[in-house]
Structures are given as structure tokens and as C-alpha cells.
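Dumped query02.txt below, it's compact mmCIF, C-alpha atoms and all ligand atoms:
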```txt
# COMPACT_ATOMS: atom_id res chain seq x y z
CA MET P 1 104.06 105.46 76.34
CA THR P 2 101.56 107.99 75.17
CA ASP P 3 101.21 110.01 78.34
CA THR P 4 103.63 112.80 77.43
CA PRO P 5 103.65 115.74 77.53
CA ARG P 6 102.28 115.58 81.03
CA PRO P 7 100.63 118.38 82.98
CA SER P 8 102.42 119.67 86.05
CA PRO P 9 101.60 117.52 89.11
CA LEU P 10 101.16 120.74 91.05
CA ALA P 11 98.19 121.67 88.91
CA TYR P 12 96.02 118.94 90.41
CA LYS P 13 97.49 118.57 93.89
CA SER P 14 94.91 120.60 95.74
CA ARG P 15 91.93 119.49 93.70
CA PRO P 16 89.19 117.48 95.39
CA VAL P 17 89.01 113.72 95.10
CA VAL P 18 87.24 112.51 91.96
CA SER P 19 85.44 109.19 91.79
CA VAL P 20 86.35 106.85 88.93
CA LYS P 21 85.05 103.49 87.84
CA PRO P 22 87.55 100.85 86.69
CA ASN P 23 86.77 98.74 83.63
CA LEU P 24 86.72 94.95 83.68
CA ILE P 25 90.49 94.60 83.45
CA GLY P 26 91.22 97.16 86.15
CA ARG P 27 92.02 100.19 84.02
CA VAL P 28 90.64 103.65 84.66
CA LYS P 29 90.52 106.87 82.70
CA CYS P 30 91.76 109.81 84.74
CA PRO P 31 89.09 112.55 84.60
CA ALA P 32 91.71 115.23 85.18
CA CYS P 33 94.24 114.48 82.45
CA GLY P 34 92.32 112.01 80.30
CA PHE P 35 94.96 109.28 80.27
CA ASN P 36 94.14 105.61 80.67
CA PHE P 37 96.15 103.60 83.14
CA SER P 38 96.11 100.29 85.02
CA LEU P 39 95.48 100.29 88.79
CA LYS P 40 98.35 97.78 89.03
CA ASP P 41 100.80 100.17 87.43
CA LEU P 42 103.11 101.33 90.23
CA GLU P 43 104.46 104.16 88.10
CA ARG P 44 101.03 105.68 87.61
CA TRP P 45 98.89 104.73 90.60
CA ASN P 46 99.78 104.74 94.31
CA GLY P 47 96.35 103.87 95.67
CA ARG P 48 95.36 107.53 96.08
CA ARG P 49 96.69 109.56 93.19
CA HIS P 50 97.15 109.31 89.47
CA LEU P 51 100.90 109.91 89.60
CA THR P 52 101.13 111.17 86.04
CA CYS P 53 99.12 114.30 86.87
CA GLY P 54 98.77 114.15 90.66
CA GLN P 55 94.96 114.04 90.71
CA ARG P 56 93.50 112.32 93.78
CA LEU P 57 91.04 109.59 92.79
CA GLU P 58 88.63 107.37 94.62
CA VAL P 59 88.19 104.07 92.83
CA GLU P 60 84.62 102.78 92.89
CA GLY P 61 84.40 99.37 94.46
CA ASP P 62 87.48 99.90 96.59
CA SER P 63 85.42 100.48 99.70
CA MET P 64 83.71 97.17 99.04
CA ARG P 65 86.98 95.29 98.94
CA PRO P 66 87.51 93.33 102.16
CA GLU P 67 90.47 94.28 104.28
CA ILE P 68 93.22 91.73 104.90
CA PHE P 69 95.45 90.60 107.71
CA CYS P 70 99.11 90.87 106.92
CA VAL P 71 102.53 90.93 108.57
CA VAL P 72 103.47 94.58 109.01
CA GLY P 73 106.84 95.83 110.25
CA ASN P 74 109.13 98.84 110.30
CA ILE P 75 112.55 99.15 108.70
CA ILE P 76 115.34 99.35 111.25
CA GLN P 77 118.87 100.66 111.10
CA ARG P 78 121.64 98.10 111.16
CA PRO P 79 124.42 98.37 113.71
CA ARG P 80 127.89 98.05 112.17
CA VAL P 81 131.15 98.06 114.07
CA GLU P 82 133.83 100.10 112.29
CA SER P 83 137.16 100.33 114.10
CA LYS P 84 135.49 99.69 117.45
CA VAL P 85 132.84 102.36 116.87
CA THR P 86 129.28 101.19 116.25
CA ARG P 87 127.61 103.04 113.41
CA LEU P 88 124.10 102.75 112.08
CA GLU P 89 123.60 101.79 108.48
CA SER P 90 120.28 102.36 106.69
CA ASN P 91 118.50 100.18 104.19
CA LYS P 92 118.98 101.46 100.67
CA HIS P 93 115.38 100.89 99.55
CA PHE P 94 113.44 102.16 102.56
CA ARG P 95 114.04 104.97 105.03
CA PRO P 96 114.44 104.03 108.71
CA GLY P 97 111.03 103.51 110.30
CA ALA P 98 109.30 102.96 106.95
CA LYS P 99 106.30 100.67 107.16
CA VAL P 100 106.53 97.51 105.08
CA TYR P 101 103.87 94.93 104.32
CA CYS P 102 105.16 91.36 104.08
CA PHE P 103 103.87 88.71 101.71
CA PRO P 104 103.49 85.27 103.26
CA PRO P 105 106.27 82.79 102.34
CA LEU P 106 106.26 82.50 98.53
CA TRP P 107 109.00 79.89 98.35
CA GLY P 108 110.65 77.33 100.63
CA GLY P 109 113.08 78.24 103.38
CA GLY P 110 112.83 79.92 106.74
CA TYR P 111 111.13 83.20 105.84
CA ASP P 112 114.50 84.95 106.26
CA LYS P 113 114.09 86.59 102.84
CA ILE P 114 110.72 88.25 102.44
CA LYS P 115 108.90 89.91 99.58
CA VAL P 116 107.57 93.22 100.89
CA VAL P 117 105.57 96.19 99.67
CA GLY P 118 106.45 99.64 100.97
CA ARG P 119 106.90 103.24 100.02
CA ARG P 120 110.22 103.73 98.33
CA ARG P 121 112.92 105.77 100.01
CA GLY P 122 113.38 109.21 98.46
CA SER P 123 109.96 109.28 96.80
CA GLY P 124 108.43 111.53 99.44
CA GLY P 125 106.25 108.61 100.52
CA LYS P 126 104.55 108.55 97.14
CA TYR P 127 105.75 105.47 95.33
CA PHE P 128 105.25 101.88 96.37
CA ILE P 129 107.83 99.26 95.47
CA GLN P 130 107.70 95.49 95.76
CA ILE P 131 111.03 93.93 96.62
CA VAL P 132 112.63 90.98 98.41
CA ILE P 133 114.59 92.00 101.51
CA ASP P 134 116.46 90.30 104.35
CA ALA P 135 114.09 89.74 107.29
CA ARG P 136 116.68 91.25 109.63
CA TRP P 137 115.85 94.72 108.28
CA ILE P 138 112.31 94.41 109.62
CA GLY P 139 111.60 95.29 113.23
CA ASN P 140 108.48 95.35 115.36
CA ALA P 141 106.73 92.84 113.10
CA ARG P 142 103.08 92.29 113.98
CA ALA P 143 99.83 91.02 112.49
CA GLN P 144 97.73 93.93 111.37
CA LEU P 145 94.50 94.57 109.51
CA VAL P 146 95.31 96.51 106.34
CA TYR P 147 92.93 98.98 104.69
CA ASP P 148 95.18 100.49 102.03
CA PRO P 149 93.51 99.64 98.69
CA TYR P 150 96.81 99.36 96.86
CA VAL P 151 98.31 96.97 99.41
CA ILE P 152 95.12 94.91 99.54
CA ASP P 153 95.15 94.69 95.76
CA VAL P 154 98.70 93.35 95.47
CA MET P 155 98.48 91.11 98.56
CA SER P 156 95.24 89.38 97.63
CA PRO P 157 94.65 86.51 97.52
CA GLU P 158 97.88 85.59 99.36
CA TRP P 159 96.48 87.30 102.46
CA LYS P 160 92.83 87.31 103.45
CA GLY P 161 90.74 88.88 106.18
CA ASP P 162 89.87 85.64 107.93
CA HIS P 163 90.96 84.16 111.25
CA ASP P 164 93.43 81.77 109.61
CA SER P 165 95.23 84.66 107.95
CA LYS P 166 95.38 86.49 111.27
CA ARG P 167 96.90 83.50 113.04
CA GLU P 168 99.39 82.87 110.25
CA ALA P 169 100.40 86.55 110.28
CA GLU P 170 100.95 86.39 114.06
CA GLN P 171 103.16 83.33 113.75
CA LEU P 172 105.16 84.76 110.86
CA ALA P 173 105.58 88.09 112.68
CA GLN P 174 107.17 86.21 115.57
CA MET P 175 109.56 84.55 113.13
CA VAL P 176 110.50 87.88 111.57
CA ASN P 177 111.25 89.36 115.00
CA GLY P 178 113.56 86.41 115.64
CA TYR P 179 115.90 87.54 112.87
CA THR P 180 118.25 90.33 114.00
CA PHE P 181 121.60 91.76 113.00
CA ASP P 182 123.91 90.69 115.79
CA GLU P 183 127.15 92.41 114.79
CA GLY P 184 126.59 95.40 117.09
ZN ZN W 1 95.60 112.08 85.58
```

Have the structure of the file written as C-alpha cells, please.
Amino acid sequence: MTDTPRPSPLAYKSRPVVSVKPNLIGRVKCPACGFNFSLKDLERWNGRRHLTCGQRLEVEGDSMRPEIFCVVGNIIQRPRVESKVTRLESNKHFRPGAKVYCFPPLWGGGYDKIKVVGRRRGSGGKYFIQIVIDARWIGNARAQLVYDPYVIDVMSPEWKGDHDSKREAEQLAQMVNGYTFDEG
């Protein structure tokens, strides 16, 4: 990649939001550091900041993008019995309580394994990852309207903002809440 050496992220952290216009294939040029990057590049864009330099950006057209309904849940801790003592084990990808956005079923089966988008554990809430996890890690699943431009971008067109999407999200959320770790 050509974006080294990079400026210190601290240099741009407190700067005001700058508006940028993406080109036809969804790439933008960061006005702060001058690098080109794709809005789909998880390593460089988190929906708010150019991660290479830390500059906050507002992408033109984002506010026009329709919000979507989606299954949203929070990562739980898993009860484990070790020599008669119940301990709590955390998910290795997401911190306990982390919000995850669930794709609708992308393959056959009972929606017990789910592709989710969430902010990666240990990244200070900065980096999104997309990963398949066991539905039992997800608690308090519910249908929710999502406004986050990054999430909307990766979840469209699987999820939409219409009534059918809302109903499907409600039904799937119920399914997710039916899966629990029952060892404790
Ligand atoms: Zn930049």
C-alpha cells in the first residue's frame, strides 16, 4: 500500500468534520492526508473517520441513504461450570455488551450461526469486523432501525427499511433469543 509513512492519528483527532464526495466506485480522497481509499475498506474507514490519519469525515450522500431494519443484539458472557463453580467466559471477538448487527440468513439451516457486523474487541470501539458467530453469544436480540452509514452500507440490500424487513427482523430476533448456552 502507498499510504505510509502515515501522519499521527492524534494530529487530526480534534479537527472538525470535513465533507467529502465519493467517486462513482465509492472511493474518496481524504482532504486531511491526501490518500485515496474505499468506503468499504474496514482498515481505513469506520463510517466516521479515515482511520489512516484519524480525520473525521462526512460522506456526501450518506444522509440521503435510507435507514434499514436489522436484527440487533448484545454480546453476552457464557456461563461455564468448572469444578462446580460457574465462571463467565467472554467472546473472543467482541467485548461483553458489544452491539452486533445481524445479517439475515445467508445460507440454509436454523439461523444458529449468524454473520454479524460489530466493533472489534480491543479496538477502542473504532474498528468494525464482519464475522460468523454462534447465535448463543447474542442476547437481547430485537428489530431495530439502523442509522449508522457503515452498517447500512454493508447490510444493504440484504436488509431494507420497509415493513417486510421489520417483520422479518422481529421474527429472526425471536429465533436468536431462543438460542442460549445452557451449561450454567
Ligand atoms: Zn486521512

Which chain P residues have any atom within 9 Å of an atom of ligand ZN 1 (chain W), and for each, what is the nearest pair of atoms with distance in Å to one decimal, counting all atoms listed in the file, rows sorted by chain and number, as JSON lines?
```
{"residue": "P:Arg6", "atom": "CA", "partner": "W:ZN1", "partner_atom": "ZN", "distance": 8.8}
{"residue": "P:Pro7", "atom": "CA", "partner": "W:ZN1", "partner_atom": "ZN", "distance": 8.5}
{"residue": "P:Pro9", "atom": "CA", "partner": "W:ZN1", "partner_atom": "ZN", "distance": 8.8}
{"residue": "P:Tyr12", "atom": "CA", "partner": "W:ZN1", "partner_atom": "ZN", "distance": 8.4}
{"residue": "P:Lys29", "atom": "CA", "partner": "W:ZN1", "partner_atom": "ZN", "distance": 7.8}
{"residue": "P:Cys30", "atom": "CA", "partner": "W:ZN1", "partner_atom": "ZN", "distance": 4.5}
{"residue": "P:Pro31", "atom": "CA", "partner": "W:ZN1", "partner_atom": "ZN", "distance": 6.6}
{"residue": "P:Ala32", "atom": "CA", "partner": "W:ZN1", "partner_atom": "ZN", "distance": 5.0}
{"residue": "P:Cys33", "atom": "CA", "partner": "W:ZN1", "partner_atom": "ZN", "distance": 4.2}
{"residue": "P:Gly34", "atom": "CA", "partner": "W:ZN1", "partner_atom": "ZN", "distance": 6.2}
{"residue": "P:Phe35", "atom": "CA", "partner": "W:ZN1", "partner_atom": "ZN", "distance": 6.0}
{"residue": "P:Asn36", "atom": "CA", "partner": "W:ZN1", "partner_atom": "ZN", "distance": 8.3}
{"residue": "P:Phe37", "atom": "CA", "partner": "W:ZN1", "partner_atom": "ZN", "distance": 8.8}
{"residue": "P:Arg44", "atom": "CA", "partner": "W:ZN1", "partner_atom": "ZN", "distance": 8.6}
{"residue": "P:Arg49", "atom": "CA", "partner": "W:ZN1", "partner_atom": "ZN", "distance": 8.1}
{"residue": "P:His50", "atom": "CA", "partner": "W:ZN1", "partner_atom": "ZN", "distance": 5.0}
{"residue": "P:Leu51", "atom": "CA", "partner": "W:ZN1", "partner_atom": "ZN", "distance": 7.0}
{"residue": "P:Thr52", "atom": "CA", "partner": "W:ZN1", "partner_atom": "ZN", "distance": 5.6}
{"residue": "P:Cys53", "atom": "CA", "partner": "W:ZN1", "partner_atom": "ZN", "distance": 4.4}
{"residue": "P:Gly54", "atom": "CA", "partner": "W:ZN1", "partner_atom": "ZN", "distance": 6.3}
{"residue": "P:Gln55", "atom": "CA", "partner": "W:ZN1", "partner_atom": "ZN", "distance": 5.5}
{"residue": "P:Arg56", "atom": "CA", "partner": "W:ZN1", "partner_atom": "ZN", "distance": 8.5}
{"residue": "P:Leu57", "atom": "CA", "partner": "W:ZN1", "partner_atom": "ZN", "distance": 8.9}
```

Task: Counting all atoms listed in the file, the option among P:Asp112, P:Arg167, P:Lys40, P:Met175 closest to Arg27 of chain P - done: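 Answer, going by the shortest atom-to-atom distance: P:Lys40.
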
Task: Pairwise distance for atom CA of Arg15 of chain P and atom CA of Val100 of chain P, rounded to one decimal in Å - done: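 Computed distance, atom CA of Arg15 of chain P to atom CA of Val100 of chain P, equals 28.7 Å.
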
- [ ] Tell me, in Å to one decimal, how far atom CA of Trp159 of chain P is from atom CA of Ala141 of chain P.
- [x]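 Atom CA of Ala141 of chain P lies at a distance of 15.8 Å from atom CA of Trp159 of chain P.
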
Task: Selected residue of minimal separation from Tyr111 of chain P among P:Leu88, P:Val18, P:Ile133, P:Val154, counting only C-alpha atoms - done: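 Answer, going by the shortest atom-to-atom distance: P:Ile133.
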
Task: Selected residue of minimal separation from Gly73 of chain P among P:Leu39, P:Ile25, P:Ile129, P:Leu172, counting only C-alpha atoms - done: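 Once distances to Gly73 of chain P are computed over only C-alpha atoms, the minimum belongs to P:Leu172.
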
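Distance-wise, atom CA of Tyr127 of chain P and atom CA of His93 of chain P end up 11.5 Å apart.
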
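Among the candidate residues P:Gly139, P:Pro149, P:Gly122, P:Pro105, the one lying nearest to Glu168 of chain P is P:Pro105, with distances computed using all atoms listed in the file.
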
Open item on the list: Considering all atoms listed in the file, can you say which of P:Val28, P:Val85, P:Val20, P:Cys102 comes closest to Ala135 of chain P?
Closed with: P:Cys102

- [ ] Could you please give me, as a PyMOL selection string, the residues of protein, DNA or RNA lying at most 12 Å from (105.9, 100.6, 117.4) in the coordinate frame of the file, considering all atoms listed in the file?
- [x] chain P and resi 72-76+97-99+138-142

Open item on the list: Taking 2 positions as the minimum chain separation for residues in the same chain, which residues sit within 12 Å of segment 119-121 of chain P when counting all atoms listed in the file? Answer as a ChimeraX atom specification.
Closed with: /P:42-43,46-47,74-75,90-101,116-117,123-131,150-151

Task: Residues near Pro157 of chain P, cut-off 12 Å, all atoms listed in the file, skip fewer than 5 positions along chain, as a list of chain:residue names - done: P:Arg65, P:Pro66, P:Glu67, P:Ile68, P:Phe69, P:Cys70, P:Phe103, P:Pro104, P:Val151, P:Ile152, P:Asp162, P:Ser165

Task: Using all atoms listed in the file: which of P:Gly178, P:Trp137, P:Tyr147, P:Glu158 has the shortest distance to Arg78 of chain P - done: P:Trp137
